[in-house]
Structures are given as structure tokens and as C-alpha cells.
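entry-v7.txt follows; it contains compact mmCIF, C-alpha atoms.
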```txt
# COMPACT_ATOMS: atom_id res chain seq x y z
CA MET A 1 26.30 1.88 2.73
CA ASP A 2 28.89 4.61 2.27
CA GLU A 3 28.82 8.04 3.85
CA LEU A 4 26.96 9.71 1.01
CA GLU A 5 24.26 7.06 1.05
CA LYS A 6 23.83 7.55 4.81
CA LYS A 7 23.52 11.30 4.25
CA ILE A 8 20.94 10.67 1.52
CA GLY A 9 18.91 8.61 4.00
CA ILE A 10 19.14 11.39 6.63
CA ALA A 11 18.34 14.13 4.09
CA LEU A 12 15.27 12.23 2.87
CA ARG A 13 13.93 12.06 6.41
CA LYS A 14 14.02 15.84 6.63
CA GLY A 15 11.89 18.23 4.68
CA GLY A 16 8.16 18.49 4.33
CA LYS A 17 5.82 19.16 7.22
CA PHE A 18 3.64 16.18 7.99
CA ASP A 19 0.49 17.65 9.47
CA PRO A 20 -0.86 15.34 12.25
CA ALA A 21 -4.23 17.12 12.30
CA LYS A 22 -4.76 16.56 8.60
CA ALA A 23 -3.56 13.00 9.02
CA GLN A 24 -6.18 12.40 11.73
CA THR A 25 -8.94 13.82 9.53
CA LEU A 26 -7.87 11.69 6.58
CA ARG A 27 -7.62 8.64 8.83
CA LYS A 28 -11.24 9.08 9.99
CA GLU A 29 -12.44 9.55 6.41
CA MET A 30 -10.65 6.44 5.22
CA VAL A 31 -12.05 4.31 8.05
CA GLU A 32 -15.56 5.53 7.16
CA MET A 33 -14.89 4.65 3.52
CA PHE A 34 -13.70 1.20 4.59
CA GLU A 35 -16.89 0.67 6.58
CA GLU A 36 -18.95 1.86 3.63
CA LYS A 37 -17.19 -0.59 1.32
CA LEU A 38 -17.89 -3.43 3.77
CA ARG A 39 -21.55 -2.45 3.94
CA ILE A 40 -21.77 -2.54 0.14
CA VAL A 41 -20.15 -5.99 0.00
CA TYR A 42 -22.51 -7.37 2.66
CA TRP A 43 -25.46 -5.73 0.87
CA TYR A 44 -24.57 -7.52 -2.38
CA ALA A 45 -24.14 -10.81 -0.54
CA LYS A 46 -27.55 -10.42 1.15
CA LEU A 47 -29.16 -9.48 -2.17
CA TRP A 48 -27.69 -12.58 -3.80
CA LEU A 49 -29.05 -14.77 -1.01
CA ILE A 50 -32.49 -13.16 -1.21
CA ILE A 51 -32.61 -13.68 -4.99
CA CYS A 52 -31.55 -17.32 -4.60
CA ILE A 53 -34.15 -17.94 -1.88
CA ALA A 54 -36.82 -16.29 -4.02
CA ILE A 55 -35.93 -18.41 -7.05
CA CYS A 56 -35.87 -21.52 -4.83
CA CYS A 57 -39.34 -20.74 -3.49
CA VAL A 58 -40.84 -19.98 -6.89
CA ALA A 59 -39.17 -22.90 -8.68
CA GLY A 60 -39.87 -25.25 -5.80
CA GLY A 61 -43.46 -24.12 -5.69
CA CYS A 62 -43.86 -24.64 -9.45
CA PHE A 63 -42.34 -28.11 -9.21
CA GLY A 64 -44.21 -29.17 -6.10
CA PHE A 65 -47.58 -27.77 -6.98
CA ALA A 66 -47.41 -28.33 -10.72
CA ALA A 67 -50.81 -29.90 -10.87
CA SER A 68 -52.60 -27.15 -8.88
CA LEU A 69 -50.84 -24.44 -10.88
CA GLY A 70 -51.81 -26.10 -14.12
CA ILE A 71 -48.28 -26.81 -15.25
CA ARG A 72 -48.65 -29.95 -17.30
CA GLY A 73 -45.61 -30.12 -19.56
CA THR A 74 -42.60 -32.22 -18.54
CA TRP A 75 -40.24 -29.51 -19.74
CA GLY A 76 -41.89 -27.00 -17.44
CA MET A 77 -41.34 -29.25 -14.43
CA ILE A 78 -37.74 -29.97 -15.50
CA ALA A 79 -37.10 -26.22 -15.89
CA SER A 80 -38.47 -25.44 -12.44
CA ALA A 81 -36.39 -28.27 -10.94
CA VAL A 82 -33.26 -26.94 -12.67
CA PHE A 83 -33.89 -23.39 -11.41
CA PHE A 84 -34.51 -24.73 -7.91
CA LEU A 85 -31.20 -26.62 -7.96
CA LEU A 86 -29.26 -23.70 -9.46
CA ALA A 87 -30.58 -21.27 -6.87
CA GLY A 88 -29.88 -23.73 -4.08
CA GLN A 89 -26.38 -24.25 -5.45
CA GLY A 90 -25.90 -20.45 -5.57
CA MET A 91 -26.76 -20.15 -1.87
CA VAL A 92 -24.49 -23.00 -0.90
CA THR A 93 -21.62 -21.72 -3.06
CA ILE A 94 -21.57 -18.27 -1.52
CA LYS A 95 -21.72 -19.67 2.00
CA LEU A 96 -19.00 -22.19 1.21
CA TRP A 97 -16.81 -19.51 -0.36
CA TYR A 98 -17.23 -17.25 2.68
CA TRP A 99 -16.48 -20.15 5.05
CA ILE A 100 -13.31 -21.15 3.13
CA MET A 101 -12.01 -17.55 2.95
CA ASN A 102 -12.73 -16.92 6.63
CA ASN A 103 -11.04 -20.16 7.68
CA LYS A 104 -7.99 -19.42 5.59
CA LEU A 105 -7.72 -15.94 7.10
CA ASN A 106 -8.23 -17.30 10.64
CA VAL A 107 -5.41 -19.81 10.15
CA LEU A 108 -3.12 -17.10 8.75
CA LYS A 109 -4.03 -14.84 11.67
CA GLU A 110 -3.09 -17.57 14.17
CA ILE A 111 0.23 -18.13 12.39
CA LYS A 112 1.02 -14.40 12.47
CA GLN A 113 0.10 -14.14 16.16
CA LEU A 114 2.41 -17.06 16.87
CA GLN A 115 5.21 -15.43 14.86
CA LEU A 116 4.63 -12.22 16.83
CA GLN A 117 4.88 -14.05 20.15
CA ILE A 118 8.09 -15.72 19.01
CA ALA A 119 9.51 -12.37 17.87
CA GLU A 120 8.59 -10.81 21.23
CA MET A 121 10.15 -13.68 23.15
CA ALA A 122 13.28 -13.48 21.01
CA GLY A 123 13.44 -9.76 21.75
CA LYS A 124 13.15 -10.38 25.50
CA ASN A 125 15.82 -13.09 25.43
CA THR A 126 18.34 -10.92 23.59
CA PRO A 127 20.75 -9.53 26.19
CA SER A 128 20.62 -5.78 26.63
CA THR A 129 23.53 -3.87 25.15
CA ASP A 130 23.28 -1.08 27.75
CA MET B 131 15.17 -13.90 6.63
CA ALA B 132 13.63 -13.33 10.06
CA LYS B 133 10.82 -10.78 10.03
CA SER B 134 10.80 -7.85 12.38
CA ARG B 135 8.02 -7.34 14.92
CA ALA B 136 6.75 -4.36 12.94
CA GLN B 137 6.51 -6.42 9.74
CA ILE B 138 4.55 -9.17 11.49
CA ILE B 139 2.17 -6.63 13.03
CA ASP B 140 1.56 -5.09 9.58
CA GLU B 141 0.80 -8.52 8.12
CA LEU B 142 -1.55 -9.33 11.00
CA LEU B 143 -3.38 -6.03 10.52
CA ALA B 144 -3.66 -6.66 6.76
CA ILE B 145 -5.24 -10.07 7.45
CA LYS B 146 -7.70 -8.53 9.92
CA CYS B 147 -8.57 -5.86 7.32
CA GLN B 148 -9.31 -8.61 4.83
CA GLN B 149 -11.74 -10.00 7.41
CA GLY B 150 -13.41 -6.60 7.65
CA ASP B 151 -11.97 -5.45 10.97
CA LYS B 152 -12.46 -1.68 11.11
CA GLU B 153 -10.12 -1.12 14.10
CA ALA B 154 -7.33 -3.03 12.34
CA PHE B 155 -7.73 -0.81 9.28
CA ASP B 156 -7.63 2.28 11.48
CA GLU B 157 -4.36 1.12 13.02
CA LEU B 158 -2.92 0.24 9.61
CA VAL B 159 -3.69 3.74 8.34
CA GLY B 160 -2.05 5.22 11.44
CA ARG B 161 1.10 3.15 10.92
CA TRP B 162 1.53 3.77 7.20
CA GLN B 163 0.13 7.22 6.56
CA GLU B 164 3.29 9.17 7.33
CA ARG B 165 5.52 6.93 5.22
CA LEU B 166 3.20 7.14 2.26
CA TRP B 167 2.93 10.92 2.65
CA TYR B 168 6.69 11.43 2.73
CA TYR B 169 7.15 9.41 -0.45
CA ALA B 170 4.42 11.37 -2.23
CA PHE B 171 5.97 14.61 -0.95
CA GLN B 172 9.42 13.64 -2.17
CA VAL B 173 8.11 12.80 -5.63
CA THR B 174 5.75 15.75 -6.09
CA GLY B 175 7.49 18.37 -3.95
CA SER B 176 4.09 19.65 -2.82
CA ASP B 177 2.39 19.20 0.58
CA ALA B 178 -1.11 19.56 -0.84
CA ALA B 179 -0.49 17.19 -3.74
CA ALA B 180 0.99 14.64 -1.36
CA TRP B 181 -2.20 14.65 0.76
CA ASP B 182 -4.40 14.21 -2.33
CA ILE B 183 -2.25 11.36 -3.58
CA VAL B 184 -2.22 9.64 -0.19
CA GLN B 185 -6.02 9.87 -0.04
CA GLU B 186 -6.32 8.29 -3.50
CA THR B 187 -3.83 5.63 -2.49
CA TRP B 188 -5.85 4.65 0.57
CA ILE B 189 -8.95 4.40 -1.62
CA GLY B 190 -6.99 2.07 -3.90
CA ILE B 191 -5.86 0.05 -0.87
CA ILE B 192 -9.44 -0.21 0.44
CA ASN B 193 -10.63 -1.47 -2.95
CA GLY B 194 -7.80 -3.95 -3.39
CA ILE B 195 -6.85 -5.29 0.04
CA ARG B 196 -9.29 -8.19 -0.10
CA LYS B 197 -7.66 -9.37 -3.33
CA LEU B 198 -4.14 -9.25 -1.85
CA GLU B 199 -2.97 -12.86 -1.88
CA ASP B 200 0.24 -12.50 0.09
CA VAL B 201 -0.06 -10.11 3.05
CA ALA B 202 3.73 -10.00 3.36
CA ALA B 203 3.67 -8.05 0.10
CA PHE B 204 1.53 -5.29 1.64
CA PRO B 205 4.43 -2.76 1.94
CA HIS B 206 5.52 -2.81 -1.65
CA TRP B 207 1.97 -3.40 -2.92
CA SER B 208 0.80 -0.21 -1.20
CA PHE B 209 3.85 1.68 -2.46
CA ARG B 210 3.10 0.41 -5.95
CA ILE B 211 -0.38 1.93 -5.75
CA LEU B 212 1.15 5.12 -4.34
CA ASN B 213 3.73 5.26 -7.09
CA ASN B 214 1.04 4.85 -9.75
CA LYS B 215 -0.95 7.70 -8.23
CA CYS B 216 2.19 9.87 -8.14
CA ALA B 217 2.88 9.04 -11.79
CA ASP B 218 -0.70 9.99 -12.69
CA TRP B 219 -0.31 13.30 -10.85
CA LEU B 220 3.00 14.06 -12.54
CA ARG B 221 1.55 13.24 -15.93
CA LYS B 222 -1.32 15.61 -15.24
CA GLU B 223 1.00 18.35 -14.08
CA GLN B 224 3.38 17.68 -17.01
CA LEU B 225 6.47 18.28 -14.94
CA GLN B 226 9.77 18.23 -16.82
CA SER B 227 12.90 16.47 -15.62
CA ARG B 228 15.60 18.75 -14.21
CA LEU B 229 18.65 19.22 -16.38
CA ASP B 230 21.48 17.10 -15.01
CA ASN B 231 24.11 19.61 -16.06
CA GLU B 232 22.42 22.38 -14.15
CA LEU B 233 22.49 20.25 -11.00
CA VAL B 234 26.20 19.52 -11.33
CA ARG B 235 27.15 23.08 -12.31
CA GLN B 236 25.23 24.78 -9.51
CA SER B 237 26.17 22.26 -6.89
CA GLN B 238 29.91 22.30 -7.59
CA ASN B 239 29.97 26.02 -6.88
CA GLN B 240 28.42 25.42 -3.48
CA SER B 241 29.98 22.15 -2.31
CA HIS B 242 33.13 23.66 -0.87
CA GLU B 243 31.03 25.97 1.32
CA ALA B 244 29.14 23.18 3.14
CA ARG B 245 31.38 22.51 6.10
CA ASN B 246 29.43 21.33 9.10
CA VAL B 247 27.23 18.20 9.14
CA ASP B 248 23.89 20.01 9.12
CA GLU B 249 24.90 22.16 6.19
CA ARG B 250 26.06 19.09 4.30
CA ILE B 251 22.75 17.33 4.96
CA ASP B 252 20.84 20.42 3.83
CA PHE B 253 23.02 20.57 0.76
CA VAL B 254 22.24 16.94 -0.04
CA ARG B 255 18.56 17.66 0.49
CA THR B 256 18.73 20.63 -1.90
CA ALA B 257 20.58 18.52 -4.44
CA ILE B 258 17.96 15.78 -4.14
CA GLY B 259 15.23 18.37 -4.62
CA ARG B 260 16.74 19.30 -7.96
CA LEU B 261 16.62 15.75 -9.27
CA ALA B 262 13.90 14.46 -11.55
CA ALA B 263 10.80 13.05 -9.87
CA ASP B 264 11.58 9.46 -10.83
CA GLN B 265 15.10 9.79 -9.43
CA ARG B 266 13.77 11.22 -6.15
CA ALA B 267 11.27 8.36 -6.01
CA LEU B 268 14.06 5.83 -6.44
CA LEU B 269 16.21 7.38 -3.71
CA THR B 270 13.23 7.58 -1.32
CA LEU B 271 12.30 3.95 -1.84
CA ARG B 272 15.89 2.81 -1.33
CA TYR B 273 17.29 5.06 1.38
CA ARG B 274 14.22 6.21 3.32
CA GLU B 275 11.91 3.22 3.07
CA GLY B 276 14.67 0.61 2.95
CA PHE B 277 13.23 -1.49 0.12
CA ASN B 278 15.66 -3.77 -1.70
CA THR B 279 16.15 -3.59 -5.47
CA ALA B 280 13.75 -6.47 -6.16
CA GLN B 281 10.97 -4.76 -4.21
CA ILE B 282 11.69 -1.41 -5.88
CA ALA B 283 11.53 -3.14 -9.29
CA ASP B 284 8.13 -4.54 -8.30
CA ILE B 285 6.86 -1.15 -7.11
CA LEU B 286 8.08 0.78 -10.15
CA ARG B 287 7.32 -2.04 -12.60
CA ILE B 288 10.78 -1.93 -14.14
CA PRO B 289 13.45 -4.64 -14.36
CA GLU B 290 15.72 -5.08 -11.35
CA GLY B 291 18.79 -4.37 -13.50
CA THR B 292 17.29 -1.03 -14.47
CA VAL B 293 16.73 -0.17 -10.80
CA LYS B 294 20.36 -0.94 -9.99
CA SER B 295 21.73 1.07 -12.89
CA ARG B 296 19.45 4.05 -12.23
CA LEU B 297 20.33 4.03 -8.55
CA HIS B 298 24.00 3.87 -9.34
CA ARG B 299 23.64 6.71 -11.83
CA THR B 300 21.60 8.90 -9.48
CA VAL B 301 23.94 8.41 -6.54
CA GLY B 302 26.87 9.04 -8.88
CA LYS B 303 25.28 12.32 -9.93
CA LEU B 304 24.84 13.36 -6.31
CA ARG B 305 28.40 12.33 -5.53
CA GLN B 306 29.62 14.46 -8.43
CA ALA B 307 27.49 17.36 -7.22
CA MET B 308 28.92 16.99 -3.71
CA GLY B 309 32.40 17.14 -5.16
CA HIS B 310 33.30 13.68 -3.84
CA GLU B 311 35.85 11.46 -5.58
```
Whole structure, C-alpha cells version:
Amino acid sequence: MDELEKKIGIALRKGGKFDPAKAQTLRKEMVEMFEEKLRIVYWYAKLWLIICIAICCVAGGCFGFAASLGIRGTWGMIASAVFFLLAGQGMVTIKLWYWIMNNKLNVLKEIKQLQLQIAEMAGKNTPSTD
Amino acid sequence: MAKSRAQIIDELLAIKCQQGDKEAFDELVGRWQERLWYYAFQVTGSDAAAWDIVQETWIGIINGIRKLEDVAAFPHWSFRILNNKCADWLRKEQLQSRLDNELVRQSQNQSHEARNVDERIDFVRTAIGRLAADQRALLTLRYREGFNTAQIADILRIPEGTVKSRLHRTVGKLRQAMGHE
């Protein structure tokens, strides 16, 4: 970098008044928004599970108690079995997806923590230039 | 290329945010807020606009962080969102680019007066303030944030060659304005 480029870097660091109080307020708002977003995601996941369980119960009940409920046709029983399997599959899929994502993120987190420890050790081992 | 401690911490925080860790998100906001604000300020030239843009950027980050595949890309991904918000703001405000000739003409009359270091820095800052928003954005990404040309190309969604030529042209303009050879 030549002298002008260094001056550009210095000049760009000046100017503008970053307001820490405003920053703190914005920070709190954003964290609340993040929490709200998480709540919405969990709410949708719970709703999906509830719907799947409900379909499982209804379809399972229709299939299992076909005679008492007066369901005679084969197609009716096949349909209830299919719905039962689909709903069951839906529950398993979402749990599997969550488990895979969480595992992947946990592994990545461990790798990053290891990298951080290595970086800190490398920093300690570097002789001081003082 | 070995990553710095700060880069690794940012990546770790991004991963924790993807897992829904509220404290990690709070720390990430604390670490990045000022940098994002300064970029928005440099592009828009307005304190108030910069705060609005930063707020919208964080909303974009909250909505998109779970979909971020590579956490190492968090810096230029967040700046890409920020840049898009700045572009939207500029489009709304319909700001015109500064005339290059005006910059050179005005600055050449002043350059011989800037003797000491502080004056020269202030002069550079004034000259930068007279540049077009996209030129200021480019300089901020390169010389304040330290992104390389590939990352800047990714943030601004332009070819890398275009970034290099625009940078060269912008710095050349400033050099001319400063009266350098």
C-alpha cells in the first residue's frame, strides 16, 4: 500500500459520530427480534408435530377400528393406512432433519473451538517484540 | 491462509446463532455493529440513514443466518446485505453522482495548502466525501474493512476485474486531486 492508500484508510476511520447509546438500544431490539424469530420457528415446528400426531391418531383409529366405525371399503382402510404412514413419516423427518442440522453445527462448533485454542496457543508462543 | 483469532470467534458466534443462541447473537451484534454503521455512513453521508440501514441489515441477517452455508463467509455476506440496503436507500433518495471534474478542480486549488499530516488526512476525507456513493463504498470496503478484491466483487455483485479497475480509477482520481504525481 502506498502513502495515499494509507491516508485513505486513516481518513475513512475518521468522520461520523458512532453513538454508543443508540447502538445499545439497537442491539437490545435486534436480540429481541432474534428471540421472536426463534419462537416463531419453534411454534411452526410444534404445530407441524401436533398436526402429524393428530393425523396419526385419526388415521390409526380409522384403520384399527374400521369395523366399529363402519368403514367397510378396502380403499378406505388403505387411505387411512397411507395417511397414518405419511404423518408418521412427517414426524420422523422433522426430528431427523433437526438432529442432522444440530449434529453438523455441533461438529463445526468443536472444530472452531479447537482452531481458537490453536490460535491462542500460537499467539502465546510468539515471542514478544517489546 | 491462517485465520485470525477475531475471524474464528466470529465464525464460532455465527454457528451458535444458527443453533439459536441468543447470547452469541448479542455478542455478534456488539462486534459488528460499528463496522456496519461506518460503511453505511460512508455511503449515505447521513448518521440517521446509517442507523436505519444498519437496523434493516440486522433484520436481514436474522432472517438469513440459518441459511448461511459457510460461516467463514459471514463478513462479506453481511456486508452484501448492508450494501443492498444502502443501494435501496440511495435509489429512494435519488442521489446523483458527484461531477469528477468538480472534485479535481476544487481540490487542486486546495492541495498546496494542506501541509501538516492532520490537514492532509482531513483533505483526503473531504475529497472522499465528494466522491460518488459507489466509489466511497468501494474505498471503505477496501481500505477500512480490508476486504480483498474477490470479496468486494462478491459483496457488490460485480466482476472482480471491474472492482480492480474502479478502485484504480477512484484512487487515481484522489491522487490527481491531491496533486500527487
CA of Ile191 in chain B sits from CA of Ser208 in chain B at a separation of 6.7 Å
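For the pair CA of Gly73 in chain A and CA of Gly60 in chain A, the separation is 15.7 Å.
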Practice task
Fewer than 2 positions away in the same chain doesn't count, so skip those; otherwise give me all residues within 10 Å of Ala11 in chain A, counting all atoms listed in the file, as a list in words.
Solution key: Glu5, Lys6, Lys7, Ile8, Gly9, Arg13, Lys14 and Gly15 of chain A; Asp248, Arg250, Ile251, Asp252, Phe253, Val254, Arg255, Thr256, Ala257, Ile258, Thr270, Tyr273 and Arg274 of chain B
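The closest residue to Ala283 in chain B, picked from B:Leu220, B:Arg299, B:Arg210, B:Leu261 and counting all atoms listed in the file, is B:Arg210.
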Residues of chain B within 8 Å of chain A, counting only C-alpha atoms - could you list those as a ChimeraX atom specification?
/B:134-135,138-139,141-142,145-146,148-150,152,155-156,159-160,163-164,167-168,171-172,177,185,188-189,192-193,251-252,254-255,269-270,273-274,301,305
Selected residues written out with C-alpha atoms, as a compact mmCIF listing (two decimals), in the frame of the given file:
```
# COMPACT_ATOMS: atom_id res chain seq x y z
CA SER B 134 10.80 -7.85 12.38
CA ARG B 135 8.02 -7.34 14.92
CA ILE B 138 4.55 -9.17 11.49
CA ILE B 139 2.17 -6.63 13.03
CA GLU B 141 0.80 -8.52 8.12
CA LEU B 142 -1.55 -9.33 11.00
CA ILE B 145 -5.24 -10.07 7.45
CA LYS B 146 -7.70 -8.53 9.92
CA GLN B 148 -9.31 -8.61 4.83
CA GLN B 149 -11.74 -10.00 7.41
CA GLY B 150 -13.41 -6.60 7.65
CA LYS B 152 -12.46 -1.68 11.11
CA PHE B 155 -7.73 -0.81 9.28
CA ASP B 156 -7.63 2.28 11.48
CA VAL B 159 -3.69 3.74 8.34
CA GLY B 160 -2.05 5.22 11.44
CA GLN B 163 0.13 7.22 6.56
CA GLU B 164 3.29 9.17 7.33
CA TRP B 167 2.93 10.92 2.65
CA TYR B 168 6.69 11.43 2.73
CA PHE B 171 5.97 14.61 -0.95
CA GLN B 172 9.42 13.64 -2.17
CA ASP B 177 2.39 19.20 0.58
CA GLN B 185 -6.02 9.87 -0.04
CA TRP B 188 -5.85 4.65 0.57
CA ILE B 189 -8.95 4.40 -1.62
CA ILE B 192 -9.44 -0.21 0.44
CA ASN B 193 -10.63 -1.47 -2.95
CA ILE B 251 22.75 17.33 4.96
CA ASP B 252 20.84 20.42 3.83
CA VAL B 254 22.24 16.94 -0.04
CA ARG B 255 18.56 17.66 0.49
CA LEU B 269 16.21 7.38 -3.71
CA THR B 270 13.23 7.58 -1.32
CA TYR B 273 17.29 5.06 1.38
CA ARG B 274 14.22 6.21 3.32
CA VAL B 301 23.94 8.41 -6.54
CA ARG B 305 28.40 12.33 -5.53
```
